[in-house]
Every structure is written in C-alpha cells, then in structure tokens.
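The next block is my_file-v5.cif, given as mmCIF, C-alpha atoms and all ligand atoms.
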```
data_data
#
loop_
_atom_site.group_PDB
_atom_site.id
_atom_site.type_symbol
_atom_site.label_atom_id
_atom_site.label_comp_id
_atom_site.auth_asym_id
_atom_site.auth_seq_id
_atom_site.Cartn_x
_atom_site.Cartn_y
_atom_site.Cartn_z
ATOM 1 C CA MET A 1 30.798 -10.064 -17.259
ATOM 2 C CA GLU A 2 27.936 -7.605 -17.485
ATOM 3 C CA GLY A 3 24.130 -7.615 -17.563
ATOM 4 C CA SER A 4 22.505 -10.987 -18.006
ATOM 5 C CA SER A 5 22.218 -13.779 -20.534
ATOM 6 C CA GLY A 6 19.637 -16.153 -21.935
ATOM 7 C CA GLU A 7 16.439 -16.685 -19.930
ATOM 8 C CA ALA A 8 17.535 -14.451 -16.996
ATOM 9 C CA PRO A 9 16.545 -10.824 -17.631
ATOM 10 C CA LEU A 10 18.155 -7.948 -15.725
ATOM 11 C CA LEU A 11 15.732 -5.043 -15.358
ATOM 12 C CA SER A 12 16.556 -1.360 -14.935
ATOM 13 C CA ILE A 13 14.402 0.827 -12.759
ATOM 14 C CA ASP A 14 14.310 4.607 -12.440
ATOM 15 C CA LEU A 15 12.508 5.239 -9.141
ATOM 16 C CA ARG A 16 12.322 9.015 -9.588
ATOM 17 C CA ARG A 17 10.746 8.901 -13.047
ATOM 18 C CA CYS A 18 8.958 5.587 -12.348
ATOM 19 C CA LEU A 19 10.413 3.908 -15.393
ATOM 20 C CA LEU A 20 11.149 0.253 -15.937
ATOM 21 C CA LYS A 21 13.116 -1.371 -18.745
ATOM 22 C CA PRO A 22 12.307 -3.605 -20.555
ATOM 23 C CA VAL A 23 8.510 -3.312 -20.557
ATOM 24 C CA THR A 24 6.088 -5.913 -21.961
ATOM 25 C CA ARG A 25 2.806 -4.153 -21.071
ATOM 26 C CA GLU A 26 2.060 -0.506 -20.382
ATOM 27 C CA ARG A 27 -1.052 1.590 -20.185
ATOM 28 C CA THR A 28 -2.254 5.091 -19.387
ATOM 29 C CA VAL A 29 -5.790 5.125 -17.975
ATOM 30 C CA ARG A 30 -7.779 8.342 -18.376
ATOM 31 C CA LEU A 31 -11.101 9.203 -16.774
ATOM 32 C CA SER A 32 -12.963 8.330 -19.994
ATOM 33 C CA ASP A 33 -11.490 4.793 -19.777
ATOM 34 C CA MET A 34 -12.951 4.169 -16.308
ATOM 35 C CA LYS A 35 -16.089 6.321 -16.044
ATOM 36 C CA GLU A 36 -18.186 3.590 -14.442
ATOM 37 C CA PHE A 37 -15.661 2.958 -11.658
ATOM 38 C CA PHE A 38 -16.302 6.307 -9.958
ATOM 39 C CA THR A 39 -19.504 6.546 -7.931
ATOM 40 C CA ASP A 40 -20.681 10.058 -8.867
ATOM 41 C CA PRO A 41 -21.746 10.068 -12.559
ATOM 42 C CA ASP A 42 -22.512 13.827 -12.520
ATOM 43 C CA ALA A 43 -19.012 14.606 -11.286
ATOM 44 C CA VAL A 44 -17.586 12.335 -14.013
ATOM 45 C CA GLU A 45 -19.549 14.175 -16.739
ATOM 46 C CA ARG A 46 -18.703 17.617 -15.312
ATOM 47 C CA THR A 47 -14.993 16.783 -15.387
ATOM 48 C CA LEU A 48 -15.148 15.231 -18.870
ATOM 49 C CA SER A 49 -16.938 18.282 -20.270
ATOM 50 C CA ARG A 50 -13.760 20.250 -19.501
ATOM 51 C CA ARG A 51 -10.941 17.704 -19.927
ATOM 52 C CA ASP A 52 -10.062 14.021 -19.785
ATOM 53 C CA PRO A 53 -7.454 13.731 -16.998
ATOM 54 C CA LYS A 54 -4.886 10.954 -16.688
ATOM 55 C CA ILE A 55 -5.851 8.968 -13.599
ATOM 56 C CA TYR A 56 -3.022 6.419 -13.516
ATOM 57 C CA GLU A 57 -0.463 4.608 -15.591
ATOM 58 C CA TYR A 58 1.573 1.450 -15.274
ATOM 59 C CA ARG A 59 4.542 -0.243 -16.889
ATOM 60 C CA GLU A 60 5.156 -3.906 -16.424
ATOM 61 C CA PHE A 61 7.541 -6.691 -17.281
ATOM 62 C CA THR A 62 6.305 -10.278 -17.601
ATOM 63 C CA PRO A 63 8.984 -12.848 -18.480
ATOM 64 C CA LYS A 64 6.355 -15.391 -19.643
ATOM 65 C CA GLU A 65 2.650 -15.699 -18.903
ATOM 66 C CA GLU A 66 3.142 -19.201 -17.565
ATOM 67 C CA PRO A 67 2.892 -20.842 -14.131
ATOM 68 C CA GLY A 68 5.948 -20.242 -11.986
ATOM 69 C CA HIS A 69 6.936 -16.859 -13.436
ATOM 70 C CA LEU A 70 6.651 -13.502 -11.644
ATOM 71 C CA SER A 71 5.616 -10.148 -13.157
ATOM 72 C CA VAL A 72 6.924 -6.842 -11.843
ATOM 73 C CA GLY A 73 5.706 -3.332 -12.576
ATOM 74 C CA ILE A 74 5.342 0.251 -11.446
ATOM 75 C CA THR A 75 2.026 2.056 -11.118
ATOM 76 C CA VAL A 76 1.681 5.834 -10.766
ATOM 77 C CA VAL A 77 -1.684 7.181 -9.585
ATOM 78 C CA TYR A 78 -2.000 10.929 -10.119
ATOM 79 C CA PRO A 79 -3.378 13.227 -7.395
ATOM 80 C CA GLY A 80 -6.922 14.500 -7.801
ATOM 81 C CA LYS A 81 -10.597 13.784 -7.202
ATOM 82 C CA VAL A 82 -13.757 13.127 -9.182
ATOM 83 C CA GLY A 83 -16.379 14.771 -6.999
ATOM 84 C CA ARG A 84 -15.344 13.718 -3.482
ATOM 85 C CA GLU A 85 -13.717 10.470 -4.586
ATOM 86 C CA TYR A 86 -9.937 10.372 -4.898
ATOM 87 C CA TYR A 87 -8.215 9.202 -8.077
ATOM 88 C CA MET A 88 -7.624 5.454 -7.932
ATOM 89 C CA THR A 89 -6.964 2.360 -10.018
ATOM 90 C CA ARG A 90 -9.954 0.403 -11.317
ATOM 91 C CA GLY A 91 -9.149 -2.525 -9.019
ATOM 92 C CA HIS A 92 -9.515 -6.227 -9.758
ATOM 93 C CA PHE A 93 -9.510 -9.782 -8.494
ATOM 94 C CA HIS A 94 -6.827 -12.139 -9.776
ATOM 95 C CA LEU A 95 -8.472 -14.998 -11.630
ATOM 96 C CA LYS A 96 -6.183 -17.554 -10.016
ATOM 97 C CA ASP A 97 -6.518 -16.174 -6.461
ATOM 98 C CA ALA A 98 -2.872 -15.121 -6.579
ATOM 99 C CA ALA A 99 -1.291 -12.893 -3.917
ATOM 100 C CA GLU A 100 0.611 -9.682 -4.686
ATOM 101 C CA TYR A 101 3.139 -7.336 -3.022
ATOM 102 C CA TYR A 102 2.978 -3.539 -3.319
ATOM 103 C CA TYR A 103 6.153 -1.619 -2.381
ATOM 104 C CA CYS A 104 5.363 2.075 -2.002
ATOM 105 C CA ILE A 105 7.957 4.323 -3.642
ATOM 106 C CA ALA A 106 6.367 7.761 -3.188
ATOM 107 C CA GLY A 107 3.187 9.511 -2.115
ATOM 108 C CA ARG A 108 0.347 8.593 0.226
ATOM 109 C CA GLY A 109 -2.312 6.070 -0.545
ATOM 110 C CA ILE A 110 -4.827 3.557 0.668
ATOM 111 C CA LEU A 111 -4.833 0.013 -0.648
ATOM 112 C CA LEU A 112 -8.450 -1.076 -0.476
ATOM 113 C CA LEU A 113 -8.992 -4.829 -0.134
ATOM 114 C CA GLN A 114 -12.103 -6.929 -0.353
ATOM 115 C CA SER A 115 -12.637 -10.675 -0.058
ATOM 116 C CA LYS A 116 -15.035 -12.556 -2.327
ATOM 117 C CA SER A 117 -17.534 -12.773 0.533
ATOM 118 C CA GLY A 118 -17.533 -8.964 0.877
ATOM 119 C CA GLU A 119 -15.201 -8.551 3.869
ATOM 120 C CA VAL A 120 -13.356 -5.219 3.642
ATOM 121 C CA ALA A 121 -9.843 -4.256 4.765
ATOM 122 C CA TYR A 122 -7.349 -1.521 3.989
ATOM 123 C CA VAL A 123 -3.612 -0.872 4.229
ATOM 124 C CA GLU A 124 -1.908 2.507 4.213
ATOM 125 C CA LEU A 125 0.613 3.003 1.416
ATOM 126 C CA ARG A 126 3.584 5.100 2.534
ATOM 127 C CA PRO A 127 7.115 5.291 1.135
ATOM 128 C CA ARG A 128 9.287 2.301 1.967
ATOM 129 C CA LYS A 129 6.359 0.221 3.285
ATOM 130 C CA ILE A 130 5.341 -3.055 1.662
ATOM 131 C CA ALA A 131 1.655 -3.979 1.525
ATOM 132 C CA TYR A 132 0.489 -7.531 0.963
ATOM 133 C CA VAL A 133 -2.598 -8.541 -1.007
ATOM 134 C CA PRO A 134 -3.663 -11.979 0.266
ATOM 135 C CA PRO A 135 -4.793 -14.559 -2.320
ATOM 136 C CA GLY A 136 -8.426 -14.141 -3.355
ATOM 137 C CA TRP A 137 -8.754 -10.507 -2.261
ATOM 138 C CA GLY A 138 -9.759 -7.784 -4.722
ATOM 139 C CA HIS A 139 -7.518 -4.719 -4.549
ATOM 140 C CA ARG A 140 -7.532 -1.062 -5.562
ATOM 141 C CA ALA A 141 -4.929 1.663 -4.903
ATOM 142 C CA VAL A 142 -6.274 5.126 -4.001
ATOM 143 C CA ASN A 143 -4.133 8.266 -4.015
ATOM 144 C CA VAL A 144 -5.114 10.322 -0.929
ATOM 145 C CA GLY A 145 -2.143 12.696 -1.122
ATOM 146 C CA ARG A 146 -1.309 15.880 -3.016
ATOM 147 C CA ARG A 147 1.500 14.305 -5.042
ATOM 148 C CA ARG A 148 1.854 11.248 -7.229
ATOM 149 C CA LEU A 149 1.421 7.873 -5.567
ATOM 150 C CA ALA A 150 3.948 5.404 -6.979
ATOM 151 C CA PHE A 151 4.406 1.745 -6.108
ATOM 152 C CA LEU A 152 6.204 -1.291 -7.407
ATOM 153 C CA TYR A 153 4.232 -4.520 -7.557
ATOM 154 C CA VAL A 154 5.053 -8.203 -7.966
ATOM 155 C CA TYR A 155 2.582 -10.998 -8.699
ATOM 156 C CA PRO A 156 2.496 -14.442 -10.368
ATOM 157 C CA SER A 157 2.483 -13.960 -14.163
ATOM 158 C CA ASP A 158 -0.370 -16.408 -14.798
ATOM 159 C CA SER A 159 -2.755 -14.679 -12.295
ATOM 160 C CA GLY A 160 -5.060 -12.983 -14.806
ATOM 161 C CA HIS A 161 -7.150 -9.887 -13.966
ATOM 162 C CA ASP A 162 -10.907 -9.857 -13.408
ATOM 163 C CA TYR A 163 -12.516 -6.391 -13.489
ATOM 164 C CA GLY A 164 -16.119 -7.610 -13.969
ATOM 165 C CA VAL A 165 -17.572 -7.512 -10.443
ATOM 166 C CA ILE A 166 -15.818 -4.262 -9.603
ATOM 167 C CA ARG A 167 -16.970 -2.584 -12.810
ATOM 168 C CA GLU A 168 -20.542 -3.647 -11.991
ATOM 169 C CA LYS A 169 -20.764 -2.934 -8.248
ATOM 170 C CA GLY A 170 -17.478 -1.401 -7.142
ATOM 171 C CA PHE A 171 -16.020 -2.101 -3.699
ATOM 172 C CA ALA A 172 -18.272 -2.037 -0.612
ATOM 173 C CA LYS A 173 -16.327 1.030 0.588
ATOM 174 C CA ILE A 174 -15.013 4.065 -1.262
ATOM 175 C CA VAL A 175 -12.382 6.591 -0.204
ATOM 176 C CA VAL A 176 -13.591 10.203 -0.230
ATOM 177 C CA GLU A 177 -12.323 13.534 1.017
ATOM 178 C CA GLU A 178 -14.188 14.857 4.030
ATOM 179 C CA ARG A 179 -13.125 18.150 5.651
ATOM 180 C CA GLY A 180 -9.782 17.907 3.848
ATOM 181 C CA ARG A 181 -9.087 14.333 5.019
ATOM 182 C CA PRO A 182 -9.496 10.879 3.506
ATOM 183 C CA LYS A 183 -12.402 8.862 4.864
ATOM 184 C CA LEU A 184 -13.643 5.340 4.136
ATOM 185 C CA VAL A 185 -17.409 5.417 3.610
ATOM 186 C CA ASP A 186 -20.051 3.015 2.301
ATOM 187 C CA ASN A 187 -20.352 2.858 -1.468
ATOM 188 C CA PRO A 188 -23.895 4.046 -2.273
ATOM 189 C CA ARG A 189 -23.896 1.900 -5.433
ATOM 190 C CA TYR A 190 -22.791 -1.316 -3.770
ATOM 191 C CA SER A 191 -25.337 -4.059 -3.250
ATOM 192 C CA THR A 192 -24.708 -7.628 -2.108
HETATM 193 O O1 LIG B 201 -1.834 -6.223 -10.465
HETATM 194 C C1 LIG B 201 -1.968 -5.156 -9.814
HETATM 195 O O2 LIG B 201 -2.575 -5.118 -8.746
HETATM 196 C C2 LIG B 201 -1.411 -3.858 -10.377
HETATM 197 O O3 LIG B 201 -0.389 -4.109 -11.160
HETATM 198 C C3 LIG B 201 -2.488 -3.171 -11.188
HETATM 199 O O4 LIG B 201 -2.769 -3.951 -12.322
HETATM 200 C C4 LIG B 201 -2.163 -1.765 -11.603
HETATM 201 O O5 LIG B 201 -1.904 -1.004 -10.471
HETATM 202 C C5 LIG B 201 -3.334 -1.163 -12.370
HETATM 203 O O6 LIG B 201 -4.549 -1.355 -11.714
HETATM 204 P P1 LIG B 201 -5.766 -2.060 -12.451
HETATM 205 O O7 LIG B 201 -5.248 -3.333 -13.024
HETATM 206 O O8 LIG B 201 -6.765 -2.296 -11.364
HETATM 207 O O9 LIG B 201 -6.249 -1.148 -13.519
HETATM 208 NI NI NI B 202 -3.326 -7.266 -8.788
#
```
For this file, produce the structure as structure tokens.
Amino acid sequence: MEGSSGEAPLLSIDLRRCLLKPVTRERTVRLSDMKEFFTDPDAVERTLSRRDPKIYEYREFTPKEEPGHLSVGITVVYPGKVGREYYMTRGHFHLKDAAEYYYCIAGRGILLLQSKSGEVAYVELRPRKIAYVPPGWGHRAVNVGRRRLAFLYVYPSDSGHDYGVIREKGFAKIVVEERGRPKLVDNPRYST
C-alpha cells in the first residue's frame, strides 16, 4: 500500500525549497500589492520607482473550507526593508477568532500579535521553534534576518482572513532596523 486514498490526502513537503504538494491556494505578494501596509509612503515610492520587489509568497493546502478541517501552508518572507521597516506579511485577523500555529523552518523573524482591544505581544521566530497565535489575535510575520524567513502554518480551514483594520491603521507597533538591529517602535500612523 502506498500514498493515501479517498478523503485522506497525503501531502509532500520540500523544506529546502519551501514547496508543498498539492496546493489549493498560492500567492506571490510584491510591494505594489501592499503599498499601504508599510508606514513610510516616500520609501515605498522610492523603491517602486526602481523595481517592484517580491515581499513574500505562500502555498497552501485546504482540504475543504468547512468547519472541522485544517489548512496547512508554507510562507516565505524575503529579506529586505522599505525605509527602516523590514519586509513582512500584510497581517490579518481571522474572522472566526481561530488560533494558528507557526513552525519556523528557516531564518529569523518576529511574529507580531495584537488583540482586538489593542494589546500588543510578539514571539521570536527561529528554526525549529513553534509559535502560537491565540484565538482573536491579529498576526504578522516580519523578517528581521539577512536570509529568507520560512515557516509552516496550520489553522482551521473555515477561519477566514480580515485585512481591513490592518490595511487602515496597521499594528500599534512596527519592527524597524535601528543601528543594525531590529527594534519594536510605535507605529506613527496608528490611532485608537
Ligand atoms: O494564516 C496565516 O497567518 C498565514 O498563512 C498567512 O496567511 C500568510 O503568511 C500570508 O500572510 P497574509 O495573509 O497576512 O498576507
Ligand atoms: Ni492567520
């Protein structure tokens, strides 16, 4: 007997190349796709006048978008900055207040977390560590290293993604480079 049958998929994962098979959803996000998520509009325009860098990409498998199922995927955030702000994912809240696990495969990152009442927390992402996103907390992965940040994630398939509040105001904190090191500072564009 080999593989799997019927309703029970067997996935293949290539940790070095960050590939997953099969894939039901995949996306490459470039700077032009997420201009409003970075806090320095001049730095965004300066970068875009030269090129439109890839910021991150993900590949995901969802068995069924129905209660009870789990989705799994791999995200790669490229190294780089827009002004002082490190490359990052857009970040979102799950519509159904679902929790999520992030297993770091490679690189160095910060998982920025924020509750709906504006409480802020963070978790370091380092290889072989697993970070937990509690239900109801918004989350964004920031690459603070010189290489790719890669992580595997698992969350309930019917969670849904809400980008609205974060697109409008961002997180209360942002992660910037200061004297060659990552630092969490107040987001100048955030208002309660
Ligand atoms: O659900 C998650 O937290 C991740 O799978 C993200 O969707 C992925 O990392 C891409 O980030 P975003 O959805 O914020 O663009
Ligand atoms: Ni999520």
Pick out the residues no farther than 7 Å from ligand LIG 201 (chain B), counting all atoms listed in the file, and list them as a CSV table (one decimal) with C-alpha atoms, in the frame of the given file.
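selection_3.csv, written as the output of this step:
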```csv
chain,number,residue,atom,x,y,z
A,58,TYR,CA,1.6,1.4,-15.3
A,73,GLY,CA,5.7,-3.3,-12.6
A,75,THR,CA,2.0,2.1,-11.1
A,89,THR,CA,-7.0,2.4,-10.0
A,90,ARG,CA,-10.0,0.4,-11.3
A,91,GLY,CA,-9.1,-2.5,-9.0
A,92,HIS,CA,-9.5,-6.2,-9.8
A,100,GLU,CA,0.6,-9.7,-4.7
A,139,HIS,CA,-7.5,-4.7,-4.5
A,140,ARG,CA,-7.5,-1.1,-5.6
A,141,ALA,CA,-4.9,1.7,-4.9
A,153,TYR,CA,4.2,-4.5,-7.6
A,155,TYR,CA,2.6,-11.0,-8.7
A,161,HIS,CA,-7.2,-9.9,-14.0
```
Return as a CSV table (one decimal) with C-alpha atoms, in the frame of the given file the residues of protein, DNA or RNA that approach ligand NI 202 (chain B) to within 12 Å, with all atoms listed in the file taken into account.
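Generated file (out_38.csv):
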```
chain,number,residue,atom,x,y,z
A,58,TYR,CA,1.6,1.4,-15.3
A,60,GLU,CA,5.2,-3.9,-16.4
A,71,SER,CA,5.6,-10.1,-13.2
A,72,VAL,CA,6.9,-6.8,-11.8
A,73,GLY,CA,5.7,-3.3,-12.6
A,74,ILE,CA,5.3,0.3,-11.4
A,75,THR,CA,2.0,2.1,-11.1
A,89,THR,CA,-7.0,2.4,-10.0
A,90,ARG,CA,-10.0,0.4,-11.3
A,91,GLY,CA,-9.1,-2.5,-9.0
A,92,HIS,CA,-9.5,-6.2,-9.8
A,93,PHE,CA,-9.5,-9.8,-8.5
A,94,HIS,CA,-6.8,-12.1,-9.8
A,95,LEU,CA,-8.5,-15.0,-11.6
A,96,LYS,CA,-6.2,-17.6,-10.0
A,97,ASP,CA,-6.5,-16.2,-6.5
A,98,ALA,CA,-2.9,-15.1,-6.6
A,99,ALA,CA,-1.3,-12.9,-3.9
A,100,GLU,CA,0.6,-9.7,-4.7
A,101,TYR,CA,3.1,-7.3,-3.0
A,102,TYR,CA,3.0,-3.5,-3.3
A,111,LEU,CA,-4.8,0.0,-0.6
A,112,LEU,CA,-8.4,-1.1,-0.5
A,113,LEU,CA,-9.0,-4.8,-0.1
A,131,ALA,CA,1.7,-4.0,1.5
A,132,TYR,CA,0.5,-7.5,1.0
A,133,VAL,CA,-2.6,-8.5,-1.0
A,134,PRO,CA,-3.7,-12.0,0.3
A,135,PRO,CA,-4.8,-14.6,-2.3
A,136,GLY,CA,-8.4,-14.1,-3.4
A,137,TRP,CA,-8.8,-10.5,-2.3
A,138,GLY,CA,-9.8,-7.8,-4.7
A,139,HIS,CA,-7.5,-4.7,-4.5
A,140,ARG,CA,-7.5,-1.1,-5.6
A,141,ALA,CA,-4.9,1.7,-4.9
A,152,LEU,CA,6.2,-1.3,-7.4
A,153,TYR,CA,4.2,-4.5,-7.6
A,154,VAL,CA,5.1,-8.2,-8.0
A,155,TYR,CA,2.6,-11.0,-8.7
A,156,PRO,CA,2.5,-14.4,-10.4
A,157,SER,CA,2.5,-14.0,-14.2
A,158,ASP,CA,-0.4,-16.4,-14.8
A,159,SER,CA,-2.8,-14.7,-12.3
A,160,GLY,CA,-5.1,-13.0,-14.8
A,161,HIS,CA,-7.2,-9.9,-14.0
A,162,ASP,CA,-10.9,-9.9,-13.4
A,163,TYR,CA,-12.5,-6.4,-13.5
```
What are the closest atom pairs, with distances in Å to one decimal, for each residue of range 9-102 of chain A lying within 9 Å of range 178-188 of chain A, using all atoms listed in the file, rows by chain and rising residue number, as a tab-separated table?
```
residue	atom	partner	partner_atom	distance
A:Thr39	CA	A:Asn187	CA	7.5
A:Arg84	CA	A:Glu178	CA	7.7
A:Tyr86	CA	A:Pro182	CA	8.4
```
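Applied to this file, the PyMOL selection byres (((chain A and resi 55) around 10) and not hetatm) selects Thr28, Val29, Arg30, Leu31, Ser32, Asp33, Met34, Asp52, Pro53, Lys54, Tyr56, Glu57, Val76, Val77, Tyr78, Pro79, Gly80, Lys81, Val82, Tyr86, Tyr87, Met88, Thr89, Arg90 and Asn143 of chain A.
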Legend entry - Distance of CA of Arg27 in chain A from CA of Asp42 in chain A, expressed in Å to one decimal place: 25.9 Å
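Counting all atoms listed in the file and comparing A:Ala172, A:Arg59, A:Thr47, A:Ser4, the residue that lies closest to Ser117 in chain A is A:Ala172.
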Legend entry - Result set, the PyMOL selection byres (((chain A and resi 105) around 6) and not hetatm) on current file, as a PyMOL selection string: chain A and resi 104+106+127+150-151
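Nearest to Thr62 in chain A of all the residues A:Arg189, A:Arg167, A:Arg108, A:Arg25 is A:Arg25, counting only C-alpha atoms.
Taking all atoms listed in the file into account, Glu7 in chain A lies nearest to A:Lys64 out of the set A:Tyr103, A:Tyr190, A:Arg147, A:Lys64.
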Inset, instruction - Could you please determine the separation between CA of Arg46 in chain A and CA of Ile174 in chain A in Å, to one decimal place? - result: 19.9 Å
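The space separating CA of Gly68 in chain A from CA of Leu10 in chain A comes to 17.7 Å.
The shortest atom-to-atom distance to Gln114 in chain A, with only C-alpha atoms taken into account, belongs to A:Lys173 out of A:His69, A:Lys129, A:Arg146, A:Lys173.
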